[in-house]
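Everything on this sheet refers to the single structure shown next.
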Amino acid sequence: MATMAWRSCLLSLALGYVSGLSCQETQFQDLGSAWQPWTLCWPALRYGGCEDRRQGVPARVPGTVLASMLESNFSNLDPYLATNLQQLPDIHQVGASYYTVRYRTRVPSASCHHLFRALLLRAASYTTRVWVNGAERGSVTGMFRRLKVAVPTEGFDLEIETSPPPHFGVNVSGQGGDHALAKDGPVAQFALGWDWIQATPDRNTGLWDKVELISSSSPQIEDLYVRTTLQRAREGQDDALLAVEAREAPCGLKWRVRHHSDPSLDVLGLLAAPGCRGSSATLRSARFWWPWQLGEPYMYEVEILSADEGNHTVLRQPFGIRHSEVYYEPRTNGPAFRINGMRIFLAGVNWITTDQMLRFSTDAERYENEVRLMRSAGANVIRVWGGGIAERPEFYQACDRLGMLVYQEFWMTGDNNGEQAGSFSWPLDHQVFLDNVEDTVLLLRGHPSLFWWGGGNELWPSERSPPIDISRAERRFVEVLDGSRPYIQTSSLLQQMQSYDPKNVTAALSVDDGPYGSQVPGEFFERNPYLRYQLYPNRTGLQPFPLSINPELGGPNFPTFAGLRRFIRTQEVPGRLGQPVPAEFAWHNFEAFVVNVSRTSGPGSLVDPIYDLWPGSPRSGMDQKTYADRASVVQYVQYRSLFEGYLRHQWSWYAGLLLWKGQSPWPSLRGFLYDWHLEKNSAHEGMGSALRHLDHVLVSLRPCARGAAQLYRVNRAVKEVSETEVVVTFFSLPKGEMLSRKLFHSSSLEPEGVALLGQLPWPRRAGALLLRMHHNGNVLEHLLSDPCNGDALLPGMDYRNLAPTPTRLEVVQGGTEANITNAGAWAALLVHPRLWSGTSEILPVWWSVDYFNLLPGESKRLVWSGPQGHVTLSGFNVPEPDEVLLV
């Protein structure tokens, strides 16, 4: 069942996945369809049976049943285009036998004289059985558990049968369809549909993760793990006590870790394994693994040495030294986190997975790109949500390299496990669930980026959800098998104020979450935005209730116009207040940008920022380009205000927040900073503008003092920041004329400090302005109207002066840099570059600057890290060349 973690990350022993390479003591061979042929057959006689080995269609390995069928049976139908997904047969219509298959291949004889050979399935779903030369050799149940079986060294016929979860459910609308899938436990619950995704027809059945052949000359070392304990030795020097263990290994093996600079400080010990006593050693002057904004994510390497006198290396594996801790923070009255003894303000995102059909589950490049996109938005933590999957080692390897913290939840959500729907007793088979939990802990525990484990999403009451035997076992697995990070039972207690104890930091991360819709921008600068208006029957007089870390809050999102045309075929747009919604938009889970202003403008007052805030705005007949351009401005302001509102009150009200969501595994129209094709939208820049610099200057949109907003400096660094000056300049729109300039002086600011710099009066009450703030050599820009103008429909988002004013941009390009000049008469807003190779767009692109603004006559130098291509530009008022919009 078990195997070595991080096999794909081994350094000098990382052998190729094809035959013909030089023999090594341990050799890993990828059995995926990229290296050898597989076929797929259906055991059910009505689909032809599997008796004749000549029958079958080409199979994609790794890949779900549906992934293979898309390439063979459905002629490469794009399931994400328009409403194509409706053409695929859902399991509740065709039955389990339609997606019950056998994967077949012929495995050649070993090319080296190894004594031991084993087949490893890193994950499959849901019930999996393995036959070798016609004899059944093993089985496994659940989506997140490995299966390992011994196989002969000579060539053999391999068959692997996968069948769907037995309670596959009906894909009715709502969170988790009819909720039946939760009965099966270790499975991705979003596969039955959610408010941001349609149901996955095969419920992710199949060989969705790696299939490997492992050959070795001696018994394998399985689930190698380095336990690290920080030791403060002397001022400015930190040591680490290291102990190395394996779930299975021969006795007598030694381990070694080389010092990062002094060979005399290398450390050596004995490898611990069942029945084998190990020994620990102290690494002097250790280098720690840090999240990317606080330091270097430094990785060591442990070497396992043979027991003979030669001491030759039999295995190498990377690891990081870091300490993770949750504690009670009295100032925020709730949980907060430390890493390596340093308190850290969490600003991050929720994550589902890379693809609805899990087609990138082993794709290291895709994971690297997505984690890097989150990092470029300023995120320092990713929450792997409990309705999704246990993320794969390739994801964690990317997070290790890029210094991204991870909060990994197990596979439960209150939407289906009792409080809101379903049953508290689910999953039905607790042992299967716990077997998957145990194996997941063993697989992932060695990654320093994994910051803490979670029992699930929005589970309550604590004594019933998860079921008590499951929650106790999860805690035990984390404490005994891992021992290096906390376990927190639930993300949120669903507003259950009476049962919430903010000092019990491992019971719940939060008492509530949200909001999930658009807000007046200034609302984010109030305590617990929007939530403070909710009337909870059991609030018990808590005013304001404690919300130290908000695990989910966000709002609507929209792609670029070009991004929309990649998957939407209709030319329609949603009407005012989202009604009517075109069928394709509804299928892709459209959410309108509607703001409820009834608390300030009377009951039932709804504002649609796409229609109501602009000059001469039509109530119908708007084209998609206009809709997308307006959405770009609206969501930029929304998401920047959201994060700056929380930063304004770091360590006084809050210890962190997590955006719902950072991305979506299919082309959804809600919850994403970049689309499925990896193109950033303006929400990404809004978040990045708030979080990119640890020493940051922001405009506080509430409260207003004598009709003026307030300017604050926020220090998220662990060191004091020096004295500085901030220059704020206002420019008119659309002409870009300078209206006013004001100088602010800032004294030095202590770590994690927040300081008021002064009042910031608006030079004009009506209409949006461009603000430029020069601070520490950085230029921070914002698009805002007067946040203190109570006459505006939405203070801070008044666009009555932004009539359609297209401007002309000139591009002078050479290699991987370009000079962009605004040759028009109007300011160019939220300019977004795009890169092309012929007629194919290159995504993602790591631009030096994105979604920037140019006044008339201004130029900006744009650089990117390969490849070369042709640059075009889009933006709020930047016409796009017609030829690049053709789909």
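Chain labels run A, B, ... following the order of the structure tokens; each chain numbers its residues from 1, and ligands are numbered from 1 in the order shown.
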
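Around A:Val595, within 10 Å and counting only C-alpha atoms, the residues found are Gly517, Ser518, Gln519, Val520, Leu577, Ser605, Leu606, Val607, Asp608, Pro609 and Leu794 of chain A, once anything fewer than 5 positions away on its own chain is removed.
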
Fill in: 10 Å contact set for A:Gly414, only C-alpha atoms, chain neighbours under 5 positions out, as a PyMOL selection string
chain A and resi 175+386-387+419-424+456-461+465-466+490+492-494

Discussion item. When you look at A:Trp292 with a cut-off of 12 Å (counting only C-alpha atoms), what residues show up, excluding the ones that are within fewer than 4 positions of it in the same chain? I need them as a list of chain:residue names.
Written reply: A:Phe288, A:Glu296, A:Pro297, A:Tyr298, A:Ile344, A:Val371, A:Arg372, A:Met374, A:Arg375, A:Ser376, A:Gly378, A:Ala379, A:Asn380, A:Val381, A:Cys399, A:Asp400, A:Arg401, A:Leu402, A:Gly403, A:Met404, A:Leu405, A:Ser449, A:Arg692, A:His693, A:Leu694, A:Ala717

Sorted per-residue table, stretch 47-103 of chain A near stretch 651-671 of chain A, closest atoms and distance, 12 Å, only C-alpha atoms, as CSV:
residue,atom,partner,partner_atom,distance
A:Asp78,CA,A:Trp666,CA,11.4
A:Pro79,CA,A:Trp666,CA,9.4
A:Tyr80,CA,A:Pro667,CA,6.6
A:Leu81,CA,A:Pro667,CA,8.5
A:Ala82,CA,A:Pro667,CA,9.7
A:Thr83,CA,A:Pro667,CA,11.2
A:Leu85,CA,A:Trp666,CA,11.0

Since we have the selection now, will you write its residues out, keeping all heavy atoms, as a PDB file, in the first residue's frame?
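Result written to result_3.pdb:
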ATOM      1  N   ASP A  78     -14.965  19.075 -26.486  1.00  0.00           N
ATOM      2  CA  ASP A  78     -14.527  19.963 -25.412  1.00  0.00           C
ATOM      3  C   ASP A  78     -15.660  20.080 -24.392  1.00  0.00           C
ATOM      4  O   ASP A  78     -16.671  20.730 -24.654  1.00  0.00           O
ATOM      5  CB  ASP A  78     -14.177  21.339 -25.968  1.00  0.00           C
ATOM      6  CG  ASP A  78     -13.663  22.296 -24.893  1.00  0.00           C
ATOM      7  OD1 ASP A  78     -13.684  21.926 -23.700  1.00  0.00           O
ATOM      8  OD2 ASP A  78     -13.233  23.408 -25.249  1.00  0.00           O
ATOM      9  N   PRO A  79     -15.516  19.446 -23.219  1.00  0.00           N
ATOM     10  CA  PRO A  79     -16.633  19.442 -22.272  1.00  0.00           C
ATOM     11  C   PRO A  79     -16.875  20.789 -21.625  1.00  0.00           C
ATOM     12  O   PRO A  79     -17.906  20.981 -20.976  1.00  0.00           O
ATOM     13  CB  PRO A  79     -16.178  18.409 -21.224  1.00  0.00           C
ATOM     14  CG  PRO A  79     -14.688  18.467 -21.265  1.00  0.00           C
ATOM     15  CD  PRO A  79     -14.335  18.732 -22.704  1.00  0.00           C
ATOM     16  N   TYR A  80     -15.930  21.730 -21.774  1.00  0.00           N
ATOM     17  CA  TYR A  80     -16.055  23.016 -21.113  1.00  0.00           C
ATOM     18  C   TYR A  80     -16.594  24.111 -22.033  1.00  0.00           C
ATOM     19  O   TYR A  80     -16.857  25.219 -21.591  1.00  0.00           O
ATOM     20  CB  TYR A  80     -14.699  23.461 -20.558  1.00  0.00           C
ATOM     21  CG  TYR A  80     -14.129  22.527 -19.511  1.00  0.00           C
ATOM     22  CD1 TYR A  80     -12.783  22.562 -19.188  1.00  0.00           C
ATOM     23  CD2 TYR A  80     -14.940  21.617 -18.834  1.00  0.00           C
ATOM     24  CE1 TYR A  80     -12.254  21.721 -18.221  1.00  0.00           C
ATOM     25  CE2 TYR A  80     -14.425  20.769 -17.877  1.00  0.00           C
ATOM     26  CZ  TYR A  80     -13.081  20.818 -17.579  1.00  0.00           C
ATOM     27  OH  TYR A  80     -12.569  19.978 -16.622  1.00  0.00           O
ATOM     28  N   LEU A  81     -16.747  23.815 -23.314  1.00  0.00           N
ATOM     29  CA  LEU A  81     -17.237  24.791 -24.270  1.00  0.00           C
ATOM     30  C   LEU A  81     -18.759  24.844 -24.229  1.00  0.00           C
ATOM     31  O   LEU A  81     -19.430  23.811 -24.304  1.00  0.00           O
ATOM     32  CB  LEU A  81     -16.769  24.433 -25.677  1.00  0.00           C
ATOM     33  CG  LEU A  81     -17.218  25.360 -26.812  1.00  0.00           C
ATOM     34  CD1 LEU A  81     -16.626  26.748 -26.623  1.00  0.00           C
ATOM     35  CD2 LEU A  81     -16.816  24.773 -28.159  1.00  0.00           C
ATOM     36  N   ALA A  82     -19.293  26.067 -24.098  1.00  0.00           N
ATOM     37  CA  ALA A  82     -20.742  26.281 -24.094  1.00  0.00           C
ATOM     38  C   ALA A  82     -21.402  25.321 -23.101  1.00  0.00           C
ATOM     39  O   ALA A  82     -21.012  25.253 -21.945  1.00  0.00           O
ATOM     40  CB  ALA A  82     -21.287  26.130 -25.512  1.00  0.00           C
ATOM     41  N   THR A  83     -22.380  24.523 -23.570  1.00  0.00           N
ATOM     42  CA  THR A  83     -23.052  23.558 -22.693  1.00  0.00           C
ATOM     43  C   THR A  83     -22.726  22.126 -23.108  1.00  0.00           C
ATOM     44  O   THR A  83     -23.518  21.204 -22.911  1.00  0.00           O
ATOM     45  CB  THR A  83     -24.580  23.777 -22.712  1.00  0.00           C
ATOM     46  OG1 THR A  83     -25.049  23.656 -24.062  1.00  0.00           O
ATOM     47  CG2 THR A  83     -24.938  25.151 -22.181  1.00  0.00           C
ATOM     48  N   LEU A  85     -20.954  19.896 -21.860  1.00  0.00           N
ATOM     49  CA  LEU A  85     -20.943  18.899 -20.789  1.00  0.00           C
ATOM     50  C   LEU A  85     -22.276  18.168 -20.694  1.00  0.00           C
ATOM     51  O   LEU A  85     -22.336  17.005 -20.268  1.00  0.00           O
ATOM     52  CB  LEU A  85     -20.597  19.568 -19.454  1.00  0.00           C
ATOM     53  CG  LEU A  85     -20.266  18.649 -18.281  1.00  0.00           C
ATOM     54  CD1 LEU A  85     -19.006  17.838 -18.554  1.00  0.00           C
ATOM     55  CD2 LEU A  85     -20.101  19.448 -16.996  1.00  0.00           C
TER      56      LEU A  85
END

Worksheet entry | Residue list (helix (DSSP H, G or I), DSSP) for stretch 520-625 of chain A, as number ranges by chain | A: 521-525, 531-533, 561-565, 576-578, 583-587, 598-601, 609-612, 624-625

Worksheet entry | Pairwise distance for atom CA of A:Val226 and atom CA of A:Asp209, rounded to one decimal in Å | 25.1 Å

Worksheet entry | Close residues, stretch 800-815 of chain A itself excluded, 6 Å, only C-alpha atoms, min 3 positions apart in chain, as an NGL selection string | :A and (614-615 or 767 or 818-824 or 826 or 868 or 877-878)

Worksheet entry | DSSP strand (DSSP E or B) residues within stretch 8-128 of chain A, as a ChimeraX atom specification | /A:26-30,39-42,49,57-58,63-64,101-107,116-121,125,127-128
